[in-house]
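As provided, run-v8.cif (mmCIF, C-alpha atoms) reads as follows.
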```cif
data_start
loop_
_atom_site.group_PDB
_atom_site.id
_atom_site.type_symbol
_atom_site.label_atom_id
_atom_site.label_comp_id
_atom_site.auth_asym_id
_atom_site.auth_seq_id
_atom_site.Cartn_x
_atom_site.Cartn_y
_atom_site.Cartn_z
ATOM 1 C CA MET A 21 79.582 89.289 86.204
ATOM 2 C CA PHE A 22 80.518 92.954 86.470
ATOM 3 C CA ILE A 23 84.011 93.634 87.873
ATOM 4 C CA THR A 24 85.416 97.115 88.486
ATOM 5 C CA PHE A 25 88.937 98.258 89.368
ATOM 6 C CA GLU A 26 89.455 101.240 91.660
ATOM 7 C CA GLY A 27 92.362 103.015 93.351
ATOM 8 C CA ILE A 28 94.424 106.173 93.276
ATOM 9 C CA ASP A 29 96.348 107.199 90.167
ATOM 10 C CA ARG A 30 99.171 104.821 89.202
ATOM 11 C CA SER A 31 98.019 102.042 91.532
ATOM 12 C CA GLY A 32 98.002 99.569 88.632
ATOM 13 C CA LYS A 33 94.307 99.509 87.698
ATOM 14 C CA THR A 34 94.757 99.632 83.925
ATOM 15 C CA THR A 35 97.410 96.897 83.900
ATOM 16 C CA GLN A 36 95.528 94.553 86.214
ATOM 17 C CA ALA A 37 92.193 95.078 84.461
ATOM 18 C CA ARG A 38 93.813 94.222 81.120
ATOM 19 C CA LEU A 39 95.559 91.132 82.493
ATOM 20 C CA LEU A 40 92.369 89.877 84.125
ATOM 21 C CA ALA A 41 90.349 90.362 80.952
ATOM 22 C CA GLU A 42 93.004 88.486 78.970
ATOM 23 C CA ALA A 43 92.958 85.638 81.508
ATOM 24 C CA LEU A 44 89.165 85.370 81.278
ATOM 25 C CA GLY A 45 89.344 85.070 77.503
ATOM 26 C CA ASP A 46 86.757 85.836 74.838
ATOM 27 C CA GLU A 47 83.846 85.991 77.268
ATOM 28 C CA ALA A 48 85.324 89.103 78.905
ATOM 29 C CA VAL A 49 84.703 92.665 77.764
ATOM 30 C CA LEU A 50 87.325 95.212 78.859
ATOM 31 C CA VAL A 51 86.282 98.864 79.149
ATOM 32 C CA ARG A 52 87.630 102.011 80.779
ATOM 33 C CA GLU A 53 86.186 105.139 82.321
ATOM 34 C CA PRO A 54 85.848 107.663 81.009
ATOM 35 C CA GLY A 55 85.934 106.175 77.533
ATOM 36 C CA GLY A 56 84.814 103.138 75.606
ATOM 37 C CA THR A 57 82.681 104.927 73.007
ATOM 38 C CA PRO A 58 83.569 107.720 70.557
ATOM 39 C CA ALA A 59 81.667 110.331 72.593
ATOM 40 C CA ALA A 60 83.073 109.114 75.916
ATOM 41 C CA GLU A 61 86.635 109.153 74.564
ATOM 42 C CA ARG A 62 86.178 112.796 73.521
ATOM 43 C CA ILE A 63 84.964 113.574 77.038
ATOM 44 C CA ARG A 64 88.025 111.782 78.431
ATOM 45 C CA GLU A 65 90.333 114.051 76.455
ATOM 46 C CA LEU A 66 88.554 117.135 77.794
ATOM 47 C CA VAL A 67 88.306 116.159 81.447
ATOM 48 C CA LYS A 68 91.952 115.025 81.653
ATOM 49 C CA ASP A 69 93.424 118.006 79.780
ATOM 50 C CA PRO A 70 95.854 119.838 82.130
ATOM 51 C CA ALA A 71 95.149 123.097 80.286
ATOM 52 C CA VAL A 72 91.420 123.012 81.126
ATOM 53 C CA GLU A 73 90.038 124.323 84.403
ATOM 54 C CA MET A 74 86.578 123.317 85.594
ATOM 55 C CA THR A 75 84.482 123.098 88.739
ATOM 56 C CA PRO A 76 83.920 119.821 90.629
ATOM 57 C CA LEU A 77 80.293 119.831 89.473
ATOM 58 C CA ALA A 78 81.342 120.225 85.839
ATOM 59 C CA GLU A 79 83.811 117.329 86.254
ATOM 60 C CA THR A 80 81.083 115.177 87.756
ATOM 61 C CA LEU A 81 78.552 115.848 85.024
ATOM 62 C CA LEU A 82 81.118 115.123 82.317
ATOM 63 C CA PHE A 83 82.043 111.823 83.940
ATOM 64 C CA GLU A 84 78.353 110.949 84.294
ATOM 65 C CA SER A 85 77.756 111.792 80.633
ATOM 66 C CA ALA A 86 80.608 109.554 79.522
ATOM 67 C CA ARG A 87 79.332 106.779 81.800
ATOM 68 C CA ALA A 88 75.809 107.039 80.398
ATOM 69 C CA GLU A 89 77.206 106.410 76.916
ATOM 70 C CA LEU A 90 79.378 103.490 78.027
ATOM 71 C CA VAL A 91 76.631 101.803 80.048
ATOM 72 C CA SER A 92 74.089 102.122 77.263
ATOM 73 C CA ALA A 93 76.335 101.123 74.372
ATOM 74 C CA VAL A 94 78.640 98.526 75.928
ATOM 75 C CA ILE A 95 78.208 97.507 79.573
ATOM 76 C CA ARG A 96 74.486 96.774 79.764
ATOM 77 C CA PRO A 97 74.355 94.852 76.439
ATOM 78 C CA ALA A 98 77.396 92.768 77.435
ATOM 79 C CA LEU A 99 75.951 91.883 80.836
ATOM 80 C CA LYS A 100 72.616 91.033 79.230
ATOM 81 C CA ALA A 101 74.438 88.672 76.872
ATOM 82 C CA GLY A 102 75.976 86.889 79.859
ATOM 83 C CA ARG A 103 79.507 88.183 79.369
ATOM 84 C CA THR A 104 81.890 89.310 82.100
ATOM 85 C CA VAL A 105 82.601 93.050 82.040
ATOM 86 C CA VAL A 106 85.924 94.275 83.441
ATOM 87 C CA CYS A 107 85.926 98.046 83.937
ATOM 88 C CA ASP A 108 88.968 100.230 84.655
ATOM 89 C CA ARG A 109 87.288 102.792 86.990
ATOM 90 C CA TYR A 110 83.542 103.259 87.400
ATOM 91 C CA VAL A 111 81.075 105.119 89.648
ATOM 92 C CA ASP A 112 83.331 104.732 92.689
ATOM 93 C CA SER A 113 86.036 106.808 91.002
ATOM 94 C CA THR A 114 83.622 109.717 90.672
ATOM 95 C CA ALA A 115 82.480 109.123 94.244
ATOM 96 C CA ALA A 116 86.092 109.147 95.472
ATOM 97 C CA TYR A 117 87.457 112.052 93.437
ATOM 98 C CA GLN A 118 84.503 114.409 93.067
ATOM 99 C CA GLY A 119 82.375 113.130 95.948
ATOM 100 C CA GLY A 120 85.077 112.680 98.581
ATOM 101 C CA ALA A 121 88.153 114.662 97.575
ATOM 102 C CA ARG A 122 86.249 117.522 95.885
ATOM 103 C CA GLY A 123 83.584 117.668 98.610
ATOM 104 C CA LEU A 124 80.407 116.990 96.627
ATOM 105 C CA GLY A 125 79.575 114.001 98.829
ATOM 106 C CA ILE A 126 79.971 110.280 98.216
ATOM 107 C CA GLU A 127 76.289 109.586 98.784
ATOM 108 C CA THR A 128 75.305 112.362 96.368
ATOM 109 C CA ILE A 129 77.378 110.807 93.574
ATOM 110 C CA GLU A 130 75.977 107.349 94.242
ATOM 111 C CA GLN A 131 72.439 108.643 94.185
ATOM 112 C CA LEU A 132 73.106 110.377 90.887
ATOM 113 C CA SER A 133 74.626 107.288 89.290
ATOM 114 C CA TYR A 134 72.717 104.373 90.746
ATOM 115 C CA GLU A 135 69.348 105.843 91.668
ATOM 116 C CA PHE A 136 68.858 108.521 89.027
ATOM 117 C CA ALA A 137 70.810 107.150 86.065
ATOM 118 C CA GLY A 138 70.196 103.502 86.936
ATOM 119 C CA ASP A 139 73.764 102.431 86.276
ATOM 120 C CA PRO A 140 74.453 98.730 87.010
ATOM 121 C CA VAL A 141 76.035 98.053 90.406
ATOM 122 C CA PRO A 142 79.290 96.039 90.229
ATOM 123 C CA ASP A 143 79.319 92.474 91.535
ATOM 124 C CA LEU A 144 82.954 92.865 92.579
ATOM 125 C CA THR A 145 85.053 95.989 93.109
ATOM 126 C CA ILE A 146 88.805 95.482 93.399
ATOM 127 C CA LEU A 147 90.513 98.269 95.329
ATOM 128 C CA LEU A 148 94.230 98.371 94.553
ATOM 129 C CA GLU A 149 95.774 99.943 97.628
ATOM 130 C CA LEU A 150 99.039 101.839 97.346
ATOM 131 C CA ASN A 151 100.570 104.683 99.319
ATOM 132 C CA PRO A 152 100.268 107.963 97.348
ATOM 133 C CA GLY A 153 103.976 108.624 97.833
ATOM 134 C CA ALA A 154 104.898 105.270 96.284
ATOM 135 C CA ALA A 155 102.381 105.727 93.474
ATOM 136 C CA ALA A 156 103.912 109.074 92.518
ATOM 137 C CA GLY A 157 107.190 107.344 91.694
ATOM 138 C CA ARG A 158 105.596 104.945 89.199
ATOM 139 C CA PRO A 159 105.572 105.634 85.452
ATOM 140 C CA GLY A 160 102.360 106.800 83.810
ATOM 141 C CA GLU A 161 100.610 109.627 82.042
ATOM 142 C CA THR A 162 100.405 112.989 83.782
ATOM 143 C CA ASP A 163 96.915 114.427 83.529
ATOM 144 C CA ARG A 164 95.019 117.270 85.151
ATOM 145 C CA PHE A 165 94.324 115.262 88.309
ATOM 146 C CA GLU A 166 97.853 113.984 88.796
ATOM 147 C CA GLN A 167 99.185 117.517 88.427
ATOM 148 C CA GLU A 168 97.354 118.421 91.644
ATOM 149 C CA GLY A 169 99.866 116.286 93.493
ATOM 150 C CA GLU A 170 99.934 114.008 96.501
ATOM 151 C CA SER A 171 97.420 115.951 98.577
ATOM 152 C CA LEU A 172 94.610 115.114 96.145
ATOM 153 C CA GLN A 173 95.668 111.466 96.017
ATOM 154 C CA ARG A 174 95.620 111.243 99.823
ATOM 155 C CA ALA A 175 92.104 112.687 99.893
ATOM 156 C CA VAL A 176 91.050 110.194 97.222
ATOM 157 C CA ALA A 177 92.604 107.302 99.175
ATOM 158 C CA ALA A 178 90.631 108.352 102.255
ATOM 159 C CA ALA A 179 87.449 108.426 100.179
ATOM 160 C CA TYR A 180 88.149 104.909 98.928
ATOM 161 C CA GLU A 181 88.528 103.807 102.555
ATOM 162 C CA ALA A 182 85.049 105.164 103.221
ATOM 163 C CA LEU A 183 83.671 103.453 100.107
ATOM 164 C CA ALA A 184 85.185 100.093 101.081
ATOM 165 C CA GLU A 185 83.551 100.355 104.506
ATOM 166 C CA ARG A 186 80.279 101.444 102.893
ATOM 167 C CA HIS A 187 80.182 98.472 100.485
ATOM 168 C CA PRO A 188 81.944 95.533 102.188
ATOM 169 C CA ASP A 189 80.013 92.913 100.202
ATOM 170 C CA ARG A 190 81.476 93.934 96.850
ATOM 171 C CA TYR A 191 84.800 95.540 97.832
ATOM 172 C CA VAL A 192 88.005 93.510 98.068
ATOM 173 C CA ARG A 193 91.187 95.318 99.075
ATOM 174 C CA ILE A 194 94.368 94.224 97.318
ATOM 175 C CA ASP A 195 97.928 95.167 98.295
ATOM 176 C CA ALA A 196 99.227 96.790 95.099
ATOM 177 C CA ARG A 197 102.814 97.190 96.358
ATOM 178 C CA ARG A 198 103.642 93.664 95.194
ATOM 179 C CA PRO A 199 104.909 92.570 91.742
ATOM 180 C CA VAL A 200 102.380 92.767 88.909
ATOM 181 C CA ASP A 201 102.293 88.996 88.304
ATOM 182 C CA GLU A 202 101.719 88.243 91.989
ATOM 183 C CA VAL A 203 98.771 90.629 92.162
ATOM 184 C CA HIS A 204 97.393 89.185 88.922
ATOM 185 C CA ARG A 205 97.497 85.602 90.217
ATOM 186 C CA GLU A 206 95.606 86.624 93.339
ATOM 187 C CA LEU A 207 92.968 88.402 91.272
ATOM 188 C CA VAL A 208 92.414 85.467 88.922
ATOM 189 C CA ALA A 209 91.948 83.164 91.926
ATOM 190 C CA LEU A 210 89.592 85.667 93.541
ATOM 191 C CA VAL A 211 87.404 85.991 90.443
ATOM 192 C CA ARG A 212 87.248 82.232 89.946
ATOM 193 C CA GLU A 213 86.209 81.815 93.571
ATOM 194 C CA ARG A 214 83.506 84.468 93.257
ATOM 195 C CA ARG A 215 82.146 82.966 90.071
ATOM 196 C CA SER A 216 82.009 79.491 91.599
ATOM 197 C CA GLY A 217 79.848 80.898 94.401
ATOM 198 C CA THR A 218 82.151 79.658 97.169
ATOM 199 C CA HIS A 219 82.958 83.076 98.662
ATOM 200 C CA GLY A 220 81.537 84.262 101.961
#
```
Entire entry expressed as structure tokens:
Amino acid sequence: MFITFEGIDRSGKTTQARLLAEALGDEAVLVREPGGTPAAERIRELVKDPAVEMTPLAETLLFESARAELVSAVIRPALKAGRTVVCDRYVDSTAAYQGGARGLGIETIEQLSYEFAGDPVPDLTILLELNPGAAAGRPGETDRFEQEGESLQRAVAAAYEALAERHPDRYVRIDARRPVDEVHRELVALVRERRSGTHG
């Protein structure tokens, strides 16, 4: 099973992805985007550096490059071995940030990732929903994207709305305003239900 976490910055994706992977035990593989391989981690440092300016297309191609490494080296082999992959951000993040908020087009990003690159499509995408104003008050690292402020996060949130409507079969919206443990319990129950084949 391939599970991805999406949402605006500071919505709790990294925490919830880690907790879910821990709850699933040794069969789970936890990865993050961009990152997960030596090359992808170097790309992460570059693309998040507040001192670096780049065009939306350059951002997109860097994210796609990092993803190509992660899919080839970690995600695809793990799925082939029957393990559950839990990914903190994936194609939908690029679709939301560069496709929606930056104006390159959600469909364009999906075509690049799924049709051209052949990246695996998630079985379940968890969208942690949180108001950008509330998210800004949470602790976390400040990177190049967060420095752009609430206006970018609102544009990203709108793009995620479009993505959730575009992919209702794999998207599940979760209220991320609640305590961490409450959200975690709901997610564990959700994943167990999906894996048992009783959803829908």
(request) With a distance cut-off of 7 Å and all atoms listed in the file, select the neighbouring residues of A:Thr104, excluding the residue or stretch itself and same-chain residues fewer than 3 positions from it, and output the selection as a PyMOL selection string. (result) chain A and resi 21-22+47-49+99
(request) Could you give me, as a VMD selection string, the residues within 9 Å of A:Ala178, counting only C-alpha atoms and dropping anything in the same chain fewer than 3 positions from it? (result) chain A and resid 116 120 to 121 173 to 175 181 to 183
With C-alpha atoms retained, export the selected residues as an mmCIF file, in the frame of the given file.
```cif
data_model
loop_
_atom_site.group_PDB
_atom_site.id
_atom_site.type_symbol
_atom_site.label_atom_id
_atom_site.label_comp_id
_atom_site.auth_asym_id
_atom_site.auth_seq_id
_atom_site.Cartn_x
_atom_site.Cartn_y
_atom_site.Cartn_z
ATOM 1 C CA ALA A 116 86.092 109.147 95.472
ATOM 2 C CA GLY A 120 85.077 112.680 98.581
ATOM 3 C CA ALA A 121 88.153 114.662 97.575
ATOM 4 C CA GLN A 173 95.668 111.466 96.017
ATOM 5 C CA ARG A 174 95.620 111.243 99.823
ATOM 6 C CA ALA A 175 92.104 112.687 99.893
ATOM 7 C CA GLU A 181 88.528 103.807 102.555
ATOM 8 C CA ALA A 182 85.049 105.164 103.221
ATOM 9 C CA LEU A 183 83.671 103.453 100.107
#
```
(request) Tell me which of A:Glu213, A:Glu26, A:Glu170, A:Glu42 sits closest to A:Leu147, counting all atoms listed in the file. (result) A:Glu26
(request) Measure the distance from atom CA of A:Arg64 to atom CA of A:Glu130 in Å and round it to one decimal. (result)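 So the two atoms, atom CA of A:Arg64 and atom CA of A:Glu130, lie 20.4 Å apart.
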(message) What would the selection look like, as JSON, numbers by chain, if the PyMOL selection byres ((chain A and resi 80) around 12) were run on the coordinates I just shared?
(response) {"A": [54, 63, 67, 74, 75, 76, 77, 78, 79, 81, 82, 83, 84, 85, 86, 87, 111, 112, 113, 114, 115, 116, 117, 118, 119, 120, 122, 123, 124, 125, 126, 128, 129, 130, 132, 133]}
(request) Using all atoms listed in the file, find the one residue out of A:Ala177, A:Ala37, A:Ala71, A:Ala88 that sits nearest to A:Gly56. (result) A:Ala88
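Between A:Ser31 and the residues A:Glu206, A:Asp139, A:Asp46, A:Asp195, the shortest atom-to-atom distance, using all atoms listed in the file, involves A:Asp195.
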